[in-house]
Amino acid sequence: MKIRTRYAPSPTGKMHVGNLRSALYEFLIAKHEGGDFMLRIEDTDQERFMEGATELIYRTLEKTGITHDEGPDKDGGYGPYVQSERMKTGIYMKYARELIEKGEAYYCFCDKERLASLKTEVVEGKEISIYDKHCLHLSKEEVEANLAAGKPFVIRQNNPTEGSTTFHDELYGDITVENSELDDMILIKSDGYPTYNFANVVDDHTMNITHVVRGNEYLSSSPKYQRLYDAFGWESPVYVHLPLITDENHKKLAKRSGHASFEDLLEQGFLSEAVVNYIALLGWSPESNAEEKQSREIFSLEELIQEFDYHRISKSPAVFDMVKLRWMNGEYIKAMDFDRFYEMAEPYLKQVLTKDFDLKKIANMVKTRIEVFPDIGEHVDFFETLPEYDVEMYTHKKMKTDQASSLQVLRDVLPLLEIQEDFSNDGLYQMLLKYVEEKGVKNGYVMWPIRTAVSGKQMTPAGATEIMEVLGKEESLQRIRKGIDKLTNA
Ligand code: GLU
């Protein structure tokens, strides 16, 4: 049987990394087996609907390369692919009525006041009211009369009060719950829309979905879905509920922490390929790592497709480690094609550099040194203005320099630089090398004070001569003179 998976987001806001992981795993499961991956928009909760959220879903899938084979924009014969449109076809009502016929569901006409008066129970910290099956006992005539009178209604699932229901998850195994714990959940709401609880079952079945991957917050409702499958006499799909993603403090990812959504990560300068690679490893690891006792971590989407065996998904919560994502992003930046890198780096360079510098040269200097694009500024800002620096920086044990030796070197090289015509990196290097040889000292003994004087920084993305090439003759000489002044007055 051909594998068919679906990503079924609700258009309610930004793309949470948990949702992106579900989408990615669904995509990988399908593609690993040559199956189809489908996009279904679950917009039945009209109150949570957010303008623009559907477009954001499309943009994210496109950017990440998690490409759907079927969806609202690509008909594959199972449409419509948007739940509000499916509703208009009458599909949910038709199946709800089928359940009513079978005694597995019933009309409920209880008003708000009556529901508010029902007794409540605390389940997982939340207070919920358990419906008392009041309307299950209405006679057929009473139901007909209410419907004819246009009384508002919902349709509820009729769960047994005795026995138990078992449901199977690929990771969590068999989960059995007492039927007495299953609330008669609403299938069709008073506005005629199906609930997620009902629509996901009807849709997954009618769209021939074979594997469902979603967050484990749905685990507790799954026995109720199982009862729906059983009531219809349908085979349920393979379920894979994914472990929670936590932050570094083992708390649920919070919006303000900055790693909650894909858009937040992009805004912070992460590359979408790195984010996808990182998210793939949030709860999954490839078999080859276990076999070869290695921990390879860089995978392209193609390689993930090759490697993705969903049985290797872990049940334990996955920690979102920003330090590791930053490292991974740095690896992607290093491996990036220069032109694309430059295109992305340019705005960050221009934020701190307004003078007429060779930005491509500067970009090349930082490419292997940054983890995210916003790191660029602090590496290159000294080109724009020489920072205030401490003369202590001229002292370097390994280079065998101190303030006196540095002052001497700067005084010696200043006139040489003044008459130097070729201010290219190579030209400067050759000239200074001659001085080094004449003096019989080590390279660093000369280069360290020059680099300090022209950058005012302990760490720079390039050596003294490369920096001078970018700064140009006039600015370089000024900075060297300033260094001489500083050292003289120290
Ligand atoms: N619409 C649900 C959500 O966005 C989908 C859950 C599922 O995949 O079944 O959370």
# chains A, B, ... in the order shown; residues from 1 in each chain; ligands from 1
>>> residues_around(residues="Tyr7 in chain A", least_positions_apart="4", cutoff="8 Å", atoms="only C-alpha atoms", output="list in words")
Ser22, Ala23, Glu26, Phe37, Met38, Leu39 and Arg40 of chain A
>>> residues_near_ligand(ligand="ligand 1", cutoff="6 Å", atoms="only C-alpha atoms and all ligand atoms", output="list of chain:residue names")
A:Ala8, A:Pro9, A:Ser10, A:Glu42, A:Arg214
>>> write_last_selection(atoms="C-alpha atoms", output="mmCIF file, in the first residue's frame")
data_model
loop_
_atom_site.group_PDB
_atom_site.id
_atom_site.type_symbol
_atom_site.label_atom_id
_atom_site.label_comp_id
_atom_site.auth_asym_id
_atom_site.auth_seq_id
_atom_site.Cartn_x
_atom_site.Cartn_y
_atom_site.Cartn_z
ATOM 1 C CA ALA A 8 -2.599 19.318 9.040
ATOM 2 C CA PRO A 9 -1.859 22.718 10.542
ATOM 3 C CA SER A 10 -4.428 25.070 11.969
ATOM 4 C CA GLU A 42 -7.632 22.689 9.556
ATOM 5 C CA ARG A 214 1.609 14.739 15.684
#
>>> closest_atom_pairs(of="range 181-262 of chain A", to="range 78-93 of chain A", cutoff="12 Å", atoms="only C-alpha atoms", output="Markdown table")
| residue | atom | partner | partner_atom | distance |
| --- | --- | --- | --- | --- |
| A:Leu187 | CA | A:Tyr92 | CA | 8.7 |
| A:Ile188 | CA | A:Met93 | CA | 7.5 |
| A:Lys189 | CA | A:Met93 | CA | 10.5 |
| A:Ser190 | CA | A:Met93 | CA | 11.9 |
| A:Asp191 | CA | A:Met87 | CA | 11.2 |
| A:Gly192 | CA | A:Met93 | CA | 8.1 |
| A:Tyr193 | CA | A:Met87 | CA | 6.8 |
| A:Pro194 | CA | A:Tyr92 | CA | 6.5 |
| A:Thr195 | CA | A:Tyr92 | CA | 9.7 |
| A:Tyr196 | CA | A:Gln83 | CA | 9.5 |
| A:Asn197 | CA | A:Tyr92 | CA | 11.5 |
| A:Phe198 | CA | A:Tyr92 | CA | 8.0 |
| A:Ala199 | CA | A:Tyr92 | CA | 6.9 |
| A:Asn200 | CA | A:Gln83 | CA | 9.4 |
| A:Val201 | CA | A:Tyr92 | CA | 10.1 |
| A:Val202 | CA | A:Tyr92 | CA | 7.2 |
| A:Asp203 | CA | A:Gln83 | CA | 8.6 |
| A:Asp204 | CA | A:Tyr78 | CA | 10.6 |
| A:His205 | CA | A:Tyr78 | CA | 10.8 |
| A:Thr206 | CA | A:Tyr78 | CA | 7.9 |
| A:Met207 | CA | A:Tyr78 | CA | 5.7 |
| A:Asn208 | CA | A:Tyr78 | CA | 8.5 |
| A:Ile209 | CA | A:Tyr78 | CA | 10.5 |
>>> write_last_selection(atoms="N, CA, C and O atoms", output="PDB file, in the first residue's frame")
ATOM      1  N   LEU A 187     -18.812  16.372  18.373  1.00  0.00           N
ATOM      2  CA  LEU A 187     -18.322  16.067  17.025  1.00  0.00           C
ATOM      3  C   LEU A 187     -18.667  17.206  16.066  1.00  0.00           C
ATOM      4  O   LEU A 187     -17.859  17.609  15.242  1.00  0.00           O
ATOM      5  N   ILE A 188     -19.915  17.677  16.197  1.00  0.00           N
ATOM      6  CA  ILE A 188     -20.350  18.810  15.364  1.00  0.00           C
ATOM      7  C   ILE A 188     -20.757  19.936  16.318  1.00  0.00           C
ATOM      8  O   ILE A 188     -21.548  19.704  17.244  1.00  0.00           O
ATOM      9  N   LYS A 189     -20.234  21.113  16.082  1.00  0.00           N
ATOM     10  CA  LYS A 189     -20.514  22.245  16.975  1.00  0.00           C
ATOM     11  C   LYS A 189     -21.821  22.925  16.594  1.00  0.00           C
ATOM     12  O   LYS A 189     -22.383  22.652  15.527  1.00  0.00           O
ATOM     13  N   SER A 190     -22.279  23.856  17.440  1.00  0.00           N
ATOM     14  CA  SER A 190     -23.575  24.493  17.160  1.00  0.00           C
ATOM     15  C   SER A 190     -23.503  25.382  15.917  1.00  0.00           C
ATOM     16  O   SER A 190     -24.526  25.684  15.309  1.00  0.00           O
ATOM     17  N   ASP A 191     -22.308  25.777  15.514  1.00  0.00           N
ATOM     18  CA  ASP A 191     -22.217  26.572  14.272  1.00  0.00           C
ATOM     19  C   ASP A 191     -22.142  25.671  13.026  1.00  0.00           C
ATOM     20  O   ASP A 191     -21.950  26.141  11.913  1.00  0.00           O
ATOM     21  N   GLY A 192     -22.286  24.361  13.249  1.00  0.00           N
ATOM     22  CA  GLY A 192     -22.301  23.431  12.114  1.00  0.00           C
ATOM     23  C   GLY A 192     -20.919  22.928  11.732  1.00  0.00           C
ATOM     24  O   GLY A 192     -20.788  21.987  10.944  1.00  0.00           O
ATOM     25  N   TYR A 193     -19.886  23.549  12.289  1.00  0.00           N
ATOM     26  CA  TYR A 193     -18.523  23.102  11.980  1.00  0.00           C
ATOM     27  C   TYR A 193     -18.195  21.842  12.785  1.00  0.00           C
ATOM     28  O   TYR A 193     -18.658  21.676  13.914  1.00  0.00           O
ATOM     29  N   PRO A 194     -17.396  20.964  12.221  1.00  0.00           N
ATOM     30  CA  PRO A 194     -16.961  19.811  13.000  1.00  0.00           C
ATOM     31  C   PRO A 194     -15.886  20.265  13.982  1.00  0.00           C
ATOM     32  O   PRO A 194     -15.222  21.267  13.739  1.00  0.00           O
ATOM     33  N   THR A 195     -15.698  19.532  15.058  1.00  0.00           N
ATOM     34  CA  THR A 195     -14.547  19.801  15.928  1.00  0.00           C
ATOM     35  C   THR A 195     -13.329  19.169  15.273  1.00  0.00           C
ATOM     36  O   THR A 195     -13.458  18.280  14.418  1.00  0.00           O
ATOM     37  N   TYR A 196     -12.150  19.587  15.714  1.00  0.00           N
ATOM     38  CA  TYR A 196     -10.929  18.938  15.249  1.00  0.00           C
ATOM     39  C   TYR A 196     -11.026  17.439  15.502  1.00  0.00           C
ATOM     40  O   TYR A 196     -10.651  16.612  14.662  1.00  0.00           O
ATOM     41  N   ASN A 197     -11.537  17.118  16.711  1.00  0.00           N
ATOM     42  CA  ASN A 197     -11.614  15.711  17.132  1.00  0.00           C
ATOM     43  C   ASN A 197     -12.352  14.821  16.131  1.00  0.00           C
ATOM     44  O   ASN A 197     -11.979  13.677  15.912  1.00  0.00           O
ATOM     45  N   PHE A 198     -13.390  15.372  15.551  1.00  0.00           N
ATOM     46  CA  PHE A 198     -14.168  14.584  14.597  1.00  0.00           C
ATOM     47  C   PHE A 198     -13.568  14.686  13.187  1.00  0.00           C
ATOM     48  O   PHE A 198     -13.381  13.682  12.495  1.00  0.00           O
ATOM     49  N   ALA A 199     -13.243  15.911  12.800  1.00  0.00           N
ATOM     50  CA  ALA A 199     -12.785  16.130  11.431  1.00  0.00           C
ATOM     51  C   ALA A 199     -11.499  15.375  11.134  1.00  0.00           C
ATOM     52  O   ALA A 199     -11.320  14.843  10.037  1.00  0.00           O
ATOM     53  N   ASN A 200     -10.600  15.281  12.106  1.00  0.00           N
ATOM     54  CA  ASN A 200      -9.317  14.620  11.812  1.00  0.00           C
ATOM     55  C   ASN A 200      -9.524  13.141  11.483  1.00  0.00           C
ATOM     56  O   ASN A 200      -8.848  12.587  10.617  1.00  0.00           O
ATOM     57  N   VAL A 201     -10.523  12.530  12.148  1.00  0.00           N
ATOM     58  CA  VAL A 201     -10.781  11.112  11.887  1.00  0.00           C
ATOM     59  C   VAL A 201     -11.443  10.928  10.511  1.00  0.00           C
ATOM     60  O   VAL A 201     -11.002  10.113   9.694  1.00  0.00           O
ATOM     61  N   VAL A 202     -12.462  11.728  10.264  1.00  0.00           N
ATOM     62  CA  VAL A 202     -13.174  11.612   8.981  1.00  0.00           C
ATOM     63  C   VAL A 202     -12.208  11.904   7.822  1.00  0.00           C
ATOM     64  O   VAL A 202     -12.167  11.185   6.824  1.00  0.00           O
ATOM     65  N   ASP A 203     -11.411  12.951   8.003  1.00  0.00           N
ATOM     66  CA  ASP A 203     -10.512  13.344   6.912  1.00  0.00           C
ATOM     67  C   ASP A 203      -9.389  12.331   6.706  1.00  0.00           C
ATOM     68  O   ASP A 203      -9.083  11.961   5.576  1.00  0.00           O
ATOM     69  N   ASP A 204      -8.756  11.923   7.800  1.00  0.00           N
ATOM     70  CA  ASP A 204      -7.651  10.965   7.630  1.00  0.00           C
ATOM     71  C   ASP A 204      -8.154   9.697   6.933  1.00  0.00           C
ATOM     72  O   ASP A 204      -7.481   9.134   6.078  1.00  0.00           O
ATOM     73  N   HIS A 205      -9.369   9.289   7.291  1.00  0.00           N
ATOM     74  CA  HIS A 205      -9.894   8.090   6.640  1.00  0.00           C
ATOM     75  C   HIS A 205     -10.243   8.346   5.176  1.00  0.00           C
ATOM     76  O   HIS A 205      -9.794   7.610   4.293  1.00  0.00           O
ATOM     77  N   THR A 206     -11.019   9.402   4.939  1.00  0.00           N
ATOM     78  CA  THR A 206     -11.486   9.607   3.558  1.00  0.00           C
ATOM     79  C   THR A 206     -10.350  10.051   2.633  1.00  0.00           C
ATOM     80  O   THR A 206     -10.459   9.933   1.413  1.00  0.00           O
ATOM     81  N   MET A 207      -9.271  10.543   3.208  1.00  0.00           N
ATOM     82  CA  MET A 207      -8.141  10.954   2.366  1.00  0.00           C
ATOM     83  C   MET A 207      -7.075   9.858   2.308  1.00  0.00           C
ATOM     84  O   MET A 207      -5.953  10.106   1.857  1.00  0.00           O
ATOM     85  N   ASN A 208      -7.432   8.687   2.807  1.00  0.00           N
ATOM     86  CA  ASN A 208      -6.550   7.507   2.720  1.00  0.00           C
ATOM     87  C   ASN A 208      -5.187   7.681   3.380  1.00  0.00           C
ATOM     88  O   ASN A 208      -4.174   7.206   2.839  1.00  0.00           O
ATOM     89  N   ILE A 209      -5.171   8.380   4.506  1.00  0.00           N
ATOM     90  CA  ILE A 209      -3.916   8.622   5.203  1.00  0.00           C
ATOM     91  C   ILE A 209      -3.464   7.332   5.916  1.00  0.00           C
ATOM     92  O   ILE A 209      -4.263   6.686   6.589  1.00  0.00           O
TER      93      ILE A 209
END
>>> residues_around(residues="Thr401 in chain A", least_positions_apart="4", cutoff="10 Å", atoms="only C-alpha atoms", output="list of chain:residue names")
A:Met393, A:Tyr394, A:Thr395, A:His396, A:Lys397, A:Ser405, A:Ser406, A:Leu407, A:Val409, A:Gly444, A:Tyr445, A:Val446, A:Trp448, A:Pro449
>>> write_last_selection(atoms="N, CA and C atoms", output="mmCIF file, in the first residue's frame")
data_model
loop_
_atom_site.group_PDB
_atom_site.id
_atom_site.type_symbol
_atom_site.label_atom_id
_atom_site.label_comp_id
_atom_site.auth_asym_id
_atom_site.auth_seq_id
_atom_site.Cartn_x
_atom_site.Cartn_y
_atom_site.Cartn_z
ATOM 1 N N MET A 393 47.050 46.016 25.270
ATOM 2 C CA MET A 393 46.854 45.032 24.202
ATOM 3 C C MET A 393 48.102 44.819 23.351
ATOM 4 N N TYR A 394 49.036 45.747 23.410
ATOM 5 C CA TYR A 394 50.271 45.570 22.627
ATOM 6 C C TYR A 394 51.185 44.492 23.219
ATOM 7 N N THR A 395 50.937 44.196 24.495
ATOM 8 C CA THR A 395 51.778 43.189 25.151
ATOM 9 C C THR A 395 51.222 41.798 24.868
ATOM 10 N N HIS A 396 52.043 40.953 24.237
ATOM 11 C CA HIS A 396 51.587 39.595 23.924
ATOM 12 C C HIS A 396 52.738 38.632 24.181
ATOM 13 N N LYS A 397 52.514 37.763 25.159
ATOM 14 C CA LYS A 397 53.590 36.892 25.611
ATOM 15 C C LYS A 397 54.157 36.017 24.491
ATOM 16 N N SER A 405 58.593 47.431 22.713
ATOM 17 C CA SER A 405 58.939 46.815 21.426
ATOM 18 C C SER A 405 57.930 47.226 20.361
ATOM 19 N N SER A 406 56.666 47.333 20.748
ATOM 20 C CA SER A 406 55.628 47.706 19.786
ATOM 21 C C SER A 406 55.843 49.130 19.295
ATOM 22 N N LEU A 407 56.183 50.010 20.229
ATOM 23 C CA LEU A 407 56.423 51.401 19.843
ATOM 24 C C LEU A 407 57.570 51.470 18.826
ATOM 25 N N VAL A 409 58.627 49.081 16.765
ATOM 26 C CA VAL A 409 58.205 48.531 15.472
ATOM 27 C C VAL A 409 57.335 49.539 14.717
ATOM 28 N N GLY A 444 55.274 37.518 14.111
ATOM 29 C CA GLY A 444 54.308 38.065 15.065
ATOM 30 C C GLY A 444 54.826 39.283 15.803
ATOM 31 N N TYR A 445 56.114 39.351 15.983
ATOM 32 C CA TYR A 445 56.744 40.464 16.704
ATOM 33 C C TYR A 445 56.440 41.787 15.992
ATOM 34 N N VAL A 446 56.286 41.706 14.671
ATOM 35 C CA VAL A 446 55.996 42.889 13.861
ATOM 36 C C VAL A 446 54.488 43.021 13.576
ATOM 37 N N TRP A 448 51.858 41.748 15.147
ATOM 38 C CA TRP A 448 50.947 41.969 16.289
ATOM 39 C C TRP A 448 50.736 43.464 16.574
ATOM 40 N N PRO A 449 51.816 44.239 16.747
ATOM 41 C CA PRO A 449 51.580 45.659 17.015
ATOM 42 C C PRO A 449 50.877 46.375 15.857
#
>>> residues_around(residues="Lys2 in chain A", least_positions_apart="2", cutoff="8 Å", atoms="only C-alpha atoms", output="PyMOL selection string")
chain A and resi 4+34-36
>>> write_last_selection(atoms="all heavy atoms", output="mmCIF file, in the first residue's frame")
data_model
loop_
_atom_site.group_PDB
_atom_site.id
_atom_site.type_symbol
_atom_site.label_atom_id
_atom_site.label_comp_id
_atom_site.auth_asym_id
_atom_site.auth_seq_id
_atom_site.Cartn_x
_atom_site.Cartn_y
_atom_site.Cartn_z
ATOM 1 N N ARG A 4 0.762 7.328 2.653
ATOM 2 C CA ARG A 4 0.239 8.699 2.499
ATOM 3 C C ARG A 4 0.254 9.378 3.855
ATOM 4 O O ARG A 4 -0.339 8.882 4.807
ATOM 5 C CB ARG A 4 -1.200 8.663 1.960
ATOM 6 C CG ARG A 4 -1.272 8.348 0.469
ATOM 7 C CD ARG A 4 -2.721 8.256 -0.005
ATOM 8 N NE ARG A 4 -3.500 9.455 0.231
ATOM 9 C CZ ARG A 4 -3.491 10.536 -0.560
ATOM 10 N NH1 ARG A 4 -2.739 10.565 -1.638
ATOM 11 N NH2 ARG A 4 -4.256 11.572 -0.274
ATOM 12 N N GLY A 34 8.788 6.494 -0.795
ATOM 13 C CA GLY A 34 8.235 6.857 -2.101
ATOM 14 C C GLY A 34 6.749 7.163 -2.063
ATOM 15 O O GLY A 34 6.037 6.986 -3.053
ATOM 16 N N GLY A 35 6.265 7.610 -0.912
ATOM 17 C CA GLY A 35 4.836 7.884 -0.775
ATOM 18 C C GLY A 35 4.485 9.333 -1.041
ATOM 19 O O GLY A 35 5.309 10.105 -1.523
ATOM 20 N N ASP A 36 3.230 9.683 -0.705
ATOM 21 C CA ASP A 36 2.753 11.045 -0.944
ATOM 22 C C ASP A 36 2.565 11.800 0.361
ATOM 23 O O ASP A 36 2.095 11.240 1.354
ATOM 24 C CB ASP A 36 1.405 11.011 -1.683
ATOM 25 C CG ASP A 36 1.593 10.634 -3.140
ATOM 26 O OD1 ASP A 36 2.711 10.846 -3.666
ATOM 27 O OD2 ASP A 36 0.631 10.109 -3.741
#
>>> select_by_dssp(residues="range 131-363 of chain A", states="alpha helix (DSSP H)", output="number ranges by chain")
A: 140-148, 196-206, 222-232, 262-267, 272-280, 287-291, 301-307, 322-335, 338-352, 359-363
>>> atom_distance(atom1="CA of Met328 in chain A", atom2="CA of His311 in chain A")
24.8 Å
>>> residues_around(residues="Ala462 in chain A", least_positions_apart="2", cutoff="12 Å", atoms="only C-alpha atoms", output="PyMOL selection string")
chain A and resi 361-369+379-380+382-383+425+447-448+451-452+454-455+457-460+464-470
>>> atom_distance(atom1="CA of Asp183 in chain A", atom2="CA of Asn146 in chain A")
23.6 Å
>>> atom_distance(atom1="CA of Glu235 in chain A", atom2="CA of Val212 in chain A")
12.9 Å
>>> closest_residue(among="A:Glu273, A:Asp174, A:Glu181, A:Glu104", to="Ile130 in chain A", atoms="only C-alpha atoms")
A:Glu181
>>> closest_residue(among="A:Ile155, A:Lys224, A:Gly125, A:Pro374", to="Glu178 in chain A", atoms="only C-alpha atoms")
A:Lys224
>>> closest_residue(among="A:Glu162, A:Glu55, A:Asp184, A:Glu267", to="Ser221 in chain A", atoms="only C-alpha atoms")
A:Asp184
>>> closest_residue(among="A:Asp132, A:Asp247, A:Asp381, A:Ile100", to="Thr120 in chain A", atoms="only C-alpha atoms")
A:Asp132
>>> residues_around(residues="range 275-291 of chain A", least_positions_apart="2", cutoff="7 Å", atoms="only C-alpha atoms", output="VMD selection string")
chain A and resid 21 64 270 to 273 293 to 296 298 to 300 307 to 308 312 to 314 318 325
>>> residues_around(residues="Ile305 in chain A", least_positions_apart="6", cutoff="7 Å", atoms="only C-alpha atoms", output="compact mmCIF listing (two decimals) with N, CA and C atoms, in the first residue's frame")
# COMPACT_ATOMS: atom_id res chain seq x y z
N LEU A 28 9.21 13.20 5.64
CA LEU A 28 10.29 12.22 5.54
C LEU A 28 9.76 10.78 5.51
N LYS A 31 8.40 10.29 1.99
CA LYS A 31 9.42 10.28 0.92
C LYS A 31 10.38 9.11 1.04
N HIS A 32 10.65 8.70 2.28
CA HIS A 32 11.53 7.55 2.51
C HIS A 32 10.99 6.31 1.82
>>> closest_residue(among="A:Asp169, A:Glu297, A:Glu418, A:Asp264", to="Val238 in chain A", atoms="only C-alpha atoms")
A:Asp169
>>> closest_residue(among="A:Arg411, A:Lys439, A:Lys355, A:Lys251", to="Arg481 in chain A", atoms="only C-alpha atoms")
A:Arg411
